[in-house]
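> This is coords17.tsv (TSV, C-alpha atoms).
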```
chain	number	residue	atom	x	y	z
A	1198	MET	CA	0.00	0.00	0.00
A	1199	ASP	CA	2.77	2.39	0.97
A	1200	GLY	CA	4.64	1.47	-2.23
A	1201	ALA	CA	1.61	2.22	-4.40
A	1202	LEU	CA	1.09	5.54	-2.62
A	1203	GLY	CA	4.76	6.47	-3.12
A	1204	ALA	CA	4.58	5.62	-6.82
A	1205	ALA	CA	1.44	7.73	-7.20
A	1206	LEU	CA	3.14	10.68	-5.52
A	1207	GLN	CA	6.12	10.34	-7.84
A	1208	LEU	CA	3.86	10.31	-10.89
A	1209	GLN	CA	2.10	13.44	-9.65
A	1210	GLN	CA	5.46	15.21	-9.31
A	1211	LEU	CA	6.65	14.37	-12.83
A	1212	PRO	CA	4.64	16.96	-14.82
A	1213	PRO	CA	5.92	19.98	-12.85
A	1214	THR	CA	9.50	18.75	-13.22
A	1215	SER	CA	9.03	18.22	-16.95
A	1216	SER	CA	7.43	21.63	-17.28
A	1217	ALA	CA	10.31	23.24	-15.41
A	1218	ASP	CA	12.80	21.53	-17.73
A	1219	SER	CA	10.90	22.81	-20.77
A	1220	ALA	CA	10.90	26.34	-19.39
A	1221	SER	CA	14.62	26.08	-18.68
A	1222	GLU	CA	15.31	24.84	-22.21
A	1223	ALA	CA	13.21	27.64	-23.70
A	1224	SER	CA	15.10	30.22	-21.63
A	1225	PHE	CA	18.42	28.72	-22.71
A	1226	SER	CA	17.32	28.77	-26.37
A	1227	TYR	CA	16.33	32.41	-26.10
A	1228	LYS	CA	19.69	33.29	-24.53
A	1229	GLU	CA	21.55	31.49	-27.32
A	1230	ASN	CA	19.45	33.32	-29.91
A	1231	LEU	CA	20.22	36.62	-28.21
A	1232	ILE	CA	23.96	35.91	-28.07
A	1233	GLY	CA	23.97	34.91	-31.73
A	1234	ALA	CA	21.95	37.96	-32.76
A	1235	LEU	CA	24.19	40.34	-30.80
A	1236	LEU	CA	27.31	38.80	-32.32
A	1237	ALA	CA	25.84	39.11	-35.82
A	1238	ILE	CA	24.75	42.72	-35.25
A	1239	PHE	CA	28.16	43.58	-33.81
A	1240	GLY	CA	29.90	41.87	-36.72
A	1241	HIS	CA	27.86	43.58	-39.43
A	1242	LEU	CA	28.22	46.96	-37.72
A	1243	VAL	CA	32.01	46.60	-37.49
A	1244	VAL	CA	32.24	45.42	-41.12
A	1245	SER	CA	30.25	48.45	-42.23
A	1246	ILE	CA	32.57	50.77	-40.30
A	1247	ALA	CA	35.58	48.97	-41.79
A	1248	LEU	CA	34.34	49.32	-45.37
A	1249	ASN	CA	33.63	53.01	-44.90
A	1250	LEU	CA	37.06	53.54	-43.32
A	1251	GLN	CA	38.69	51.98	-46.35
A	1252	LYS	CA	36.46	54.01	-48.64
A	1253	TYR	CA	37.42	57.19	-46.74
A	1254	CYS	CA	41.08	56.23	-47.17
A	1255	HIS	CA	40.66	55.93	-50.97
A	1256	ILE	CA	38.75	59.22	-51.19
A	1257	ARG	CA	41.33	61.08	-49.07
A	1258	LEU	CA	44.26	59.77	-51.12
A	1259	ALA	CA	42.50	60.56	-54.40
A	1260	GLY	CA	41.90	64.15	-53.31
A	1261	SER	CA	45.44	64.80	-52.08
A	1262	LYS	CA	48.98	64.80	-53.40
A	1263	ASP	CA	49.98	61.93	-51.12
A	1264	PRO	CA	51.99	59.52	-53.31
A	1265	ARG	CA	51.47	56.55	-50.95
A	1266	ALA	CA	49.50	53.52	-52.05
A	1267	TYR	CA	46.31	52.89	-50.08
A	1268	PHE	CA	47.72	49.73	-48.47
A	1269	LYS	CA	50.52	51.76	-46.93
A	1270	THR	CA	48.19	53.87	-44.82
A	1271	LYS	CA	47.19	53.12	-41.22
A	1272	THR	CA	43.55	53.90	-41.98
A	1273	TRP	CA	43.30	51.17	-44.61
A	1274	TRP	CA	44.94	48.59	-42.34
A	1275	LEU	CA	42.65	49.60	-39.48
A	1276	GLY	CA	39.71	49.02	-41.83
A	1277	LEU	CA	41.08	45.60	-42.77
A	1278	PHE	CA	41.53	44.64	-39.10
A	1279	LEU	CA	37.99	45.76	-38.25
A	1280	MET	CA	36.63	43.86	-41.25
A	1281	LEU	CA	38.28	40.64	-40.11
A	1282	LEU	CA	37.01	41.24	-36.57
A	1283	GLY	CA	33.49	41.81	-37.86
A	1284	GLU	CA	33.54	38.72	-40.06
A	1285	LEU	CA	34.77	36.70	-37.08
A	1286	GLY	CA	31.80	37.95	-35.07
A	1287	VAL	CA	29.36	36.98	-37.84
A	1288	PHE	CA	31.04	33.58	-38.18
A	1289	ALA	CA	30.78	32.95	-34.43
A	1290	SER	CA	27.11	33.95	-34.39
A	1291	TYR	CA	26.21	30.89	-36.48
A	1292	ALA	CA	27.39	28.64	-33.65
A	1293	PHE	CA	24.75	30.07	-31.29
A	1294	ALA	CA	21.61	30.97	-33.25
A	1295	PRO	CA	19.61	29.38	-36.06
A	1296	LEU	CA	20.70	30.17	-39.59
A	1297	SER	CA	17.30	31.72	-40.34
A	1298	LEU	CA	17.89	34.36	-37.66
A	1299	ILE	CA	21.49	35.28	-38.52
A	1300	VAL	CA	21.17	35.67	-42.30
A	1301	PRO	CA	18.59	38.53	-42.41
A	1302	LEU	CA	20.56	40.53	-39.83
A	1303	SER	CA	22.93	41.68	-42.57
A	1304	ALA	CA	20.40	44.51	-42.92
A	1305	VAL	CA	22.26	46.06	-39.96
A	1306	SER	CA	25.22	46.84	-42.21
A	1307	MET	CA	22.86	48.58	-44.65
A	1308	ILE	CA	21.53	50.75	-41.83
A	1309	ALA	CA	25.02	51.58	-40.56
A	1310	SER	CA	26.38	52.34	-44.02
A	1311	ALA	CA	23.48	54.67	-44.81
A	1312	ILE	CA	24.14	56.69	-41.64
A	1313	ILE	CA	27.94	56.59	-41.88
A	1314	GLY	CA	27.76	57.57	-45.54
A	1315	ILE	CA	26.09	60.83	-44.54
A	1316	ILE	CA	28.01	61.62	-41.34
A	1317	PHE	CA	31.46	60.10	-41.77
A	1318	ILE	CA	31.96	60.19	-45.54
A	1319	LYS	CA	30.08	63.52	-45.63
A	1320	GLU	CA	28.09	62.79	-48.74
A	1321	LYS	CA	26.35	65.91	-50.03
A	1322	TRP	CA	22.66	66.16	-50.85
A	1323	LYS	CA	21.16	68.83	-53.08
A	1324	PRO	CA	18.15	70.63	-51.57
A	1325	LYS	CA	15.84	69.37	-54.30
A	1326	ASP	CA	16.92	65.80	-53.57
A	1327	PHE	CA	16.39	66.07	-49.80
A	1328	LEU	CA	12.90	64.56	-49.68
A	1329	ARG	CA	13.66	62.04	-52.41
A	1330	ARG	CA	16.86	60.70	-50.89
A	1331	TYR	CA	17.61	61.86	-47.38
A	1332	VAL	CA	14.20	61.22	-45.85
A	1333	LEU	CA	13.66	57.95	-47.71
A	1334	SER	CA	16.99	56.67	-46.40
A	1335	PHE	CA	15.96	57.29	-42.80
A	1336	VAL	CA	12.51	55.81	-43.40
A	1337	GLY	CA	14.31	52.77	-44.79
A	1338	CYS	CA	16.54	52.66	-41.71
A	1339	GLY	CA	13.47	52.79	-39.46
A	1340	LEU	CA	11.76	49.98	-41.35
A	1341	ALA	CA	14.93	47.88	-41.31
A	1342	ILE	CA	15.22	48.36	-37.54
A	1343	VAL	CA	11.57	47.34	-37.04
A	1344	GLY	CA	12.12	44.31	-39.27
A	1345	THR	CA	15.26	43.37	-37.34
A	1346	TYR	CA	13.36	43.61	-34.04
A	1347	LEU	CA	10.64	41.28	-35.35
A	1348	LEU	CA	13.26	38.86	-36.66
A	1349	VAL	CA	15.01	38.61	-33.30
A	1350	THR	CA	11.73	38.42	-31.34
A	1351	PHE	CA	10.04	35.75	-33.46
A	1352	ALA	CA	13.11	33.82	-34.64
A	1353	PRO	CA	12.90	30.01	-34.51
A	1354	ASN	CA	14.24	28.38	-31.36
A	1355	SER	CA	15.68	25.27	-32.98
A	1356	HIS	CA	18.95	24.44	-31.25
A	1357	GLU	CA	20.75	21.25	-32.15
A	1358	LYS	CA	24.32	20.36	-31.32
A	1359	MET	CA	26.41	20.49	-34.48
A	1360	THR	CA	27.99	17.06	-34.04
A	1361	GLY	CA	29.40	15.12	-36.95
A	1362	GLU	CA	26.59	12.57	-36.65
A	1363	ASN	CA	23.83	15.19	-36.72
A	1364	ILE	CA	25.28	17.04	-39.71
A	1365	THR	CA	25.77	13.80	-41.64
A	1366	ARG	CA	22.19	12.79	-40.85
A	1367	HIS	CA	20.88	16.11	-42.18
A	1368	LEU	CA	23.10	15.88	-45.26
A	1369	VAL	CA	21.64	12.54	-46.38
A	1370	SER	CA	18.04	13.30	-45.43
A	1371	TRP	CA	15.62	13.09	-48.34
A	1372	PRO	CA	14.24	16.66	-47.98
A	1373	PHE	CA	17.74	18.12	-48.31
A	1374	LEU	CA	18.70	15.75	-51.13
A	1375	LEU	CA	15.56	16.83	-53.00
A	1376	TYR	CA	16.33	20.48	-52.28
A	1377	MET	CA	19.91	20.03	-53.55
A	1378	LEU	CA	18.64	18.39	-56.74
A	1379	VAL	CA	16.32	21.33	-57.43
A	1380	GLU	CA	19.06	23.85	-56.61
A	1381	ILE	CA	21.65	22.15	-58.82
A	1382	VAL	CA	19.24	21.96	-61.77
A	1383	LEU	CA	18.26	25.62	-61.31
A	1384	PHE	CA	21.90	26.69	-60.95
A	1385	CYS	CA	22.91	24.82	-64.13
A	1386	LEU	CA	20.02	26.35	-66.09
A	1387	LEU	CA	20.87	29.86	-64.91
A	1388	LEU	CA	24.56	29.33	-65.65
A	1389	TYR	CA	23.72	28.06	-69.15
A	1390	PHE	CA	21.58	31.09	-69.95
A	1391	TYR	CA	24.17	33.42	-68.43
A	1392	LYS	CA	27.16	31.97	-70.28
A	1393	GLU	CA	25.65	30.70	-73.53
A	1394	LYS	CA	22.64	32.97	-74.10
A	1395	ASN	CA	24.17	36.14	-72.63
A	1396	ALA	CA	21.35	36.51	-70.12
A	1397	ASN	CA	23.09	39.22	-68.13
A	1398	SER	CA	20.11	40.29	-66.06
A	1399	VAL	CA	21.00	41.36	-62.54
A	1400	VAL	CA	18.43	38.88	-61.22
A	1401	VAL	CA	20.12	35.99	-63.06
A	1402	ILE	CA	23.58	36.84	-61.76
A	1403	LEU	CA	22.47	37.53	-58.19
A	1404	LEU	CA	20.33	34.41	-58.14
A	1405	LEU	CA	23.49	32.46	-58.97
A	1406	VAL	CA	25.15	34.26	-56.05
A	1407	ALA	CA	22.18	33.49	-53.79
A	1408	LEU	CA	22.19	29.77	-54.65
A	1409	LEU	CA	25.91	29.58	-53.88
A	1410	GLY	CA	25.37	31.70	-50.78
A	1411	SER	CA	22.77	29.33	-49.39
A	1412	MET	CA	25.36	26.56	-49.44
A	1413	THR	CA	27.94	28.91	-47.92
A	1414	VAL	CA	25.80	29.72	-44.88
A	1415	VAL	CA	24.75	26.07	-44.41
A	1416	THR	CA	28.40	25.02	-44.33
A	1417	VAL	CA	29.43	28.02	-42.21
A	1418	LYS	CA	26.94	27.03	-39.50
A	1419	ALA	CA	28.19	23.44	-39.57
A	1420	VAL	CA	31.86	24.46	-39.35
A	1421	ALA	CA	31.22	27.10	-36.67
A	1422	GLY	CA	29.08	24.72	-34.61
A	1423	MET	CA	31.62	21.90	-34.78
A	1424	LEU	CA	34.46	24.25	-33.86
A	1425	MET	CA	32.44	25.55	-30.89
A	1426	LEU	CA	31.79	22.01	-29.64
A	1427	SER	CA	35.49	21.19	-30.06
A	1428	ILE	CA	36.47	24.26	-28.02
A	1429	GLN	CA	34.00	23.20	-25.33
A	1430	GLY	CA	35.70	19.81	-25.09
A	1431	THR	CA	33.67	17.60	-27.44
A	1432	LEU	CA	36.15	17.16	-30.28
A	1433	GLN	CA	34.54	17.11	-33.73
A	1434	LEU	CA	37.56	17.69	-35.96
A	1435	HIS	CA	38.13	13.96	-36.52
A	1436	TYR	CA	34.88	13.69	-38.48
A	1437	PRO	CA	35.44	13.77	-42.26
A	1438	ILE	CA	32.20	15.80	-42.65
A	1439	PHE	CA	33.96	18.76	-40.98
A	1440	TYR	CA	36.51	18.99	-43.78
A	1441	VAL	CA	33.87	18.40	-46.45
A	1442	MET	CA	31.91	21.36	-45.09
A	1443	LEU	CA	35.06	23.47	-44.79
A	1444	VAL	CA	36.03	22.89	-48.42
A	1445	CYS	CA	32.47	23.60	-49.61
A	1446	MET	CA	32.39	26.79	-47.53
A	1447	VAL	CA	35.59	28.14	-49.10
A	1448	ALA	CA	34.71	27.04	-52.64
A	1449	THR	CA	31.21	28.54	-52.68
A	1450	ALA	CA	32.47	31.78	-51.10
A	1451	VAL	CA	35.17	32.16	-53.78
A	1452	TYR	CA	32.71	31.58	-56.62
A	1453	GLN	CA	30.30	34.03	-55.01
A	1454	ALA	CA	32.99	36.69	-55.03
A	1455	ALA	CA	33.66	35.97	-58.71
A	1456	PHE	CA	30.00	36.40	-59.71
A	1457	LEU	CA	29.68	39.53	-57.57
A	1458	SER	CA	32.72	40.98	-59.28
A	1459	GLN	CA	31.14	40.36	-62.68
A	1460	ALA	CA	27.86	41.91	-61.53
A	1461	SER	CA	29.66	45.00	-60.21
A	1462	GLN	CA	31.09	45.67	-63.67
A	1463	MET	CA	27.63	45.80	-65.23
A	1464	TYR	CA	25.26	47.16	-62.59
A	1465	ASP	CA	25.09	49.87	-59.96
A	1466	SER	CA	26.21	48.86	-56.48
A	1467	SER	CA	22.91	49.97	-54.93
A	1468	LEU	CA	20.93	47.65	-57.18
A	1469	ILE	CA	23.31	44.80	-56.38
A	1470	ALA	CA	23.00	45.46	-52.64
A	1471	SER	CA	19.20	45.57	-52.49
A	1472	VAL	CA	18.39	42.79	-54.96
A	1473	GLY	CA	21.24	40.67	-53.63
A	1474	TYR	CA	20.07	41.05	-50.04
A	1475	ILE	CA	16.50	40.03	-50.87
A	1476	LEU	CA	17.45	37.04	-53.03
A	1477	SER	CA	20.28	35.80	-50.80
A	1478	THR	CA	18.23	36.08	-47.62
A	1479	THR	CA	15.22	34.30	-49.11
A	1480	VAL	CA	17.23	31.40	-50.54
A	1481	ALA	CA	19.42	31.06	-47.44
A	1482	ILE	CA	16.42	30.93	-45.08
A	1483	THR	CA	14.88	28.26	-47.30
A	1484	ALA	CA	18.11	26.25	-47.19
A	1485	GLY	CA	18.26	26.56	-43.40
A	1486	ALA	CA	14.65	25.49	-43.06
A	1487	VAL	CA	15.31	22.38	-45.15
A	1488	PHE	CA	18.75	21.39	-43.87
A	1489	TYR	CA	18.56	22.35	-40.18
A	1490	LEU	CA	14.75	22.16	-39.87
A	1491	ASP	CA	14.76	25.65	-38.33
A	1492	PHE	CA	10.98	26.04	-38.28
A	1493	LEU	CA	10.08	22.53	-37.20
A	1494	GLY	CA	7.66	22.74	-34.27
A	1495	GLU	CA	7.17	26.52	-34.54
A	1496	ASP	CA	3.58	27.76	-34.40
A	1497	ALA	CA	2.00	29.57	-37.33
A	1498	LEU	CA	1.94	32.96	-35.56
A	1499	HIS	CA	5.69	32.96	-34.96
A	1500	ILE	CA	6.39	31.93	-38.55
A	1501	CYS	CA	4.07	34.64	-39.93
A	1502	MET	CA	5.59	37.33	-37.70
A	1503	PHE	CA	9.09	36.22	-38.70
A	1504	ALA	CA	8.11	36.42	-42.38
A	1505	LEU	CA	6.64	39.88	-41.76
A	1506	GLY	CA	9.93	40.95	-40.20
A	1507	CYS	CA	11.75	39.76	-43.32
A	1508	LEU	CA	9.39	41.67	-45.62
A	1509	ILE	CA	9.73	44.88	-43.58
A	1510	ALA	CA	13.53	44.51	-43.58
A	1511	PHE	CA	13.44	43.95	-47.37
A	1512	LEU	CA	11.43	47.13	-47.85
A	1513	GLY	CA	13.77	49.05	-45.55
A	1514	VAL	CA	16.87	47.92	-47.46
A	1515	PHE	CA	15.18	48.77	-50.77
A	1516	LEU	CA	14.47	52.32	-49.58
A	1517	ILE	CA	17.98	52.74	-48.17
A	1518	THR	CA	19.64	51.75	-51.43
A	1519	ARG	CA	17.01	53.13	-53.82
A	1520	ASN	CA	18.54	56.53	-54.47
A	1521	ARG	CA	22.21	55.97	-53.79
A	1522	LYS	CA	24.62	57.67	-56.14
A	1523	LYS	CA	25.62	55.53	-59.08
A	1524	SER	CA	29.19	56.80	-59.06
A	1525	ILE	CA	30.08	54.94	-55.87
A	1526	PRO	CA	32.31	51.99	-56.80
A	1527	PHE	CA	31.34	48.54	-55.61
A	1528	GLU	CA	34.05	46.60	-53.81
A	1529	PRO	CA	32.88	43.03	-53.28
A	1530	TYR	CA	34.12	40.97	-50.39
A	1531	ILE	CA	33.34	37.55	-49.04
A	1532	SER	CA	30.86	37.77	-46.21
A	1533	MET	CA	29.71	34.91	-44.00
A	1534	ASP	CA	26.08	35.69	-44.75
A	1535	ALA	CA	26.72	35.92	-48.46
A	1536	MET	CA	25.68	39.54	-48.80
A	1537	PRO	CA	27.32	42.56	-50.51
A	1538	ASP	CA	27.02	45.45	-48.05
A	1539	GLU	CA	29.10	48.13	-49.79
A	1540	GLY	CA	26.10	49.20	-51.84
A	1541	ALA	CA	24.57	50.82	-48.80
A	1542	GLY	CA	27.75	52.71	-48.00
```
Can I see the file as structure tokens?

Amino acid sequence: MDGALGAALQLQQLPPTSSADSASEASFSYKENLIGALLAIFGHLVVSIALNLQKYCHIRLAGSKDPRAYFKTKTWWLGLFLMLLGELGVFASYAFAPLSLIVPLSAVSMIASAIIGIIFIKEKWKPKDFLRRYVLSFVGCGLAIVGTYLLVTFAPNSHEKMTGENITRHLVSWPFLLYMLVEIVLFCLLLYFYKEKNANSVVVILLLVALLGSMTVVTVKAVAGMLMLSIQGTLQLHYPIFYVMLVCMVATAVYQAAFLSQASQMYDSSLIASVGYILSTTVAITAGAVFYLDFLGEDALHICMFALGCLIAFLGVFLITRNRKKSIPFEPYISMDAMPDEGAG
């Protein structure tokens, strides 16, 4: 009798304990999301400052009689150091937060570049262009900030340890294999029309960049997650999948840079920045949802609010880059979220 009573009491105590564990896990997931988001925001902000520092260095040398090359100035090297620091922050953010949260946060660099371009670079606006450019840029910044807030607030809370076994399991899952088949076919078709039929539309080129970029961010998250686990004591570097992901990360990033360079020779940097951000973010979030199952178990309200945040951020970036001067040169660089940010600077 006493044994039955004790068992019943234990069963009655199980639900509260389970509920407490769930609340603890949810709190931990939110903290990881917050850490990842802050690292990504910091990284994109620092990269934006770095790019504008290097741009300021070029402008100052061009307008003076200084015979030095740009790479012999302290300002340019400071910009390079800050860029590497920022990229490291973005890279580290993938180890904490879901891919679908980190990728859209590249809008932060657009916001920063728009403000720095006016204050630091001292870009001049004609009075007649004030309403058309100046105000629209700040409206765009406001929308991008609102979109970023919604993204962070309603981001998916999927947190899975990036072990070699888990990554391999995702890699051979049928949804991802099907997604890869569709992406490869689409990439080959776009490449054929681009190379053979001279289809030089900015959408074609940047869609090629976006497809490559989706693989870049998938591999970046895997590499960053496995490195983080290794640092924490659970060694993952002996898994062959780590090196497969590392090679794919470097290869897709290099080819992205090549396509971006070609696009910059034909189209304005502002167009590249806005269209590239929208396409790259959309395709990357799709890849994350398929490979890492980011939205599995999320309720419809959270998904809809997250999508709304993306749309608002897209509109904000479009307004920021809409009326940028076409004379500003585009200097592509390899970013961990696969996005050209110079267009907003």
> Measure the distance from CA of Ala1421 in chain A to CA of Phe1384 in chain A in Å and round it to one decimal.
26.0 Å
> Using all atoms listed in the file, which of A:Val1406, A:Met1502, A:Met1446, A:Met1425 sits nearest Gly1473 in chain A?
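Checking each of A:Val1406, A:Met1502, A:Met1446, A:Met1425 against Gly1473 in chain A, counting all atoms listed in the file, the winner is A:Val1406.
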> List the neighbours of Phe1278 in chain A out to 12 Å using all atoms listed in the file; skip same-chain residues closer than 6 positions along the sequence, and give me the result as a list in words.
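So, after excluding close chain neighbours, the residues are Val1243, Val1244, Ile1246, Ala1247, Leu1248, Leu1250, Gln1251, Lys1271, Thr1272, Glu1284 and Leu1285 of chain A.
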> Those same residues - C-alpha atoms - I'd like them written as a compact mmCIF listing (two decimals), in the coordinates of the input.

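Heads up, here's the output in selection38.txt:
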```txt
# COMPACT_ATOMS: atom_id res chain seq x y z
CA VAL A 1243 32.01 46.60 -37.49
CA VAL A 1244 32.24 45.42 -41.12
CA ILE A 1246 32.57 50.77 -40.30
CA ALA A 1247 35.58 48.97 -41.79
CA LEU A 1248 34.34 49.32 -45.37
CA LEU A 1250 37.06 53.54 -43.32
CA GLN A 1251 38.69 51.98 -46.35
CA LYS A 1271 47.19 53.12 -41.22
CA THR A 1272 43.55 53.90 -41.98
CA GLU A 1284 33.54 38.72 -40.06
CA LEU A 1285 34.77 36.70 -37.08
```
> If you measure from CA of Ile1500 in chain A to CA of Cys1338 in chain A, what distance in Å do you get, rounded to one decimal?
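Computed distance, CA of Ile1500 in chain A to CA of Cys1338 in chain A, equals 23.3 Å.
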> Write out as a ChimeraX atom specification which residues come within 8 Å of Phe1439 in chain A when counting only C-alpha atoms, dropping same-chain ones fewer than 6 positions away.
/A:1361,1419-1420,1423,1433
> Which one is closest to Met1412 in chain A: A:Asn1249, A:Ser1290, A:Thr1478, A:Thr1449? Count only C-alpha atoms.
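So, comparing all the options, the nearest one is A:Thr1449.
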> Would you mind telling me which residue in A:Ala1259, A:Leu1403, A:Leu1498, A:Ala1484 lies nearest to Phe1373 in chain A when using all atoms listed in the file?
A:Ala1484
> Counting only C-alpha atoms, which residues sit no farther than 12 Å from the position (13.1, 52.6, -40.9) in the file's frame? I'd like them as a PyMOL selection string.
chain A and resi 1304-1305+1307-1309+1311-1312+1332-1346+1509-1517
> Pick out the closest residue to Ile1402 in chain A from this set: A:Val1472, A:Leu1375, A:Thr1360, A:Val1444. Count only C-alpha atoms.
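With only C-alpha atoms as the atom set, the closest residue is A:Val1472.
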> May I ask which of the residues A:Lys1358, A:Phe1503, A:Thr1350, A:His1255 is the closest one to Gln1429 in chain A, counting all atoms listed in the file?
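Among the listed residues, A:Lys1358 lies closest to Gln1429 in chain A.
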> Determine, counting all atoms listed in the file, which protein, DNA and RNA residues have an atom within 9 Å of an atom of Leu1404 in chain A; residues of the same chain fewer than 2 positions away are not included. Present the result as a ChimeraX atom specification.
/A:1384,1387,1399-1402,1406-1409,1473,1476-1477,1480
> Deliver the residues from the most recent selection as a file, using C-alpha atoms, as a short mmCIF file (atom, residue, chain, number, x, y, z; two decimals), in the frame of the given file.

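Final file, result14.cif:
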```cif
data_model
loop_
_atom_site.label_atom_id
_atom_site.label_comp_id
_atom_site.auth_asym_id
_atom_site.auth_seq_id
_atom_site.Cartn_x
_atom_site.Cartn_y
_atom_site.Cartn_z
CA PHE A 1384 21.90 26.69 -60.95
CA LEU A 1387 20.87 29.86 -64.91
CA VAL A 1399 21.00 41.36 -62.54
CA VAL A 1400 18.43 38.88 -61.22
CA VAL A 1401 20.12 35.99 -63.06
CA ILE A 1402 23.58 36.84 -61.76
CA VAL A 1406 25.15 34.26 -56.05
CA ALA A 1407 22.18 33.49 -53.79
CA LEU A 1408 22.19 29.77 -54.65
CA LEU A 1409 25.91 29.58 -53.88
CA GLY A 1473 21.24 40.67 -53.63
CA LEU A 1476 17.45 37.04 -53.03
CA SER A 1477 20.28 35.80 -50.80
CA VAL A 1480 17.23 31.40 -50.54
#
```
> Could you state the separation of CA of Leu1426 in chain A and CA of Ser1226 in chain A in Å, given to one decimal place?
16.3 Å
> Which neighbours of Tyr1291 in chain A fall inside 8 Å, counting all atoms listed in the file, when residues of the same chain fewer than 6 positions from it are skipped, and could you give them as a PDB file with C-alpha atoms, in the coordinates of the input?

```pdb
ATOM      1  CA  GLY A1233      23.970  34.910 -31.730  1.00  0.00           C
ATOM      2  CA  ILE A1299      21.490  35.280 -38.520  1.00  0.00           C
ATOM      3  CA  VAL A1417      29.430  28.020 -42.210  1.00  0.00           C
ATOM      4  CA  LYS A1418      26.940  27.030 -39.500  1.00  0.00           C
ATOM      5  CA  ALA A1421      31.220  27.100 -36.670  1.00  0.00           C
ATOM      6  CA  GLY A1422      29.080  24.720 -34.610  1.00  0.00           C
TER       7      GLY A1422
END
```
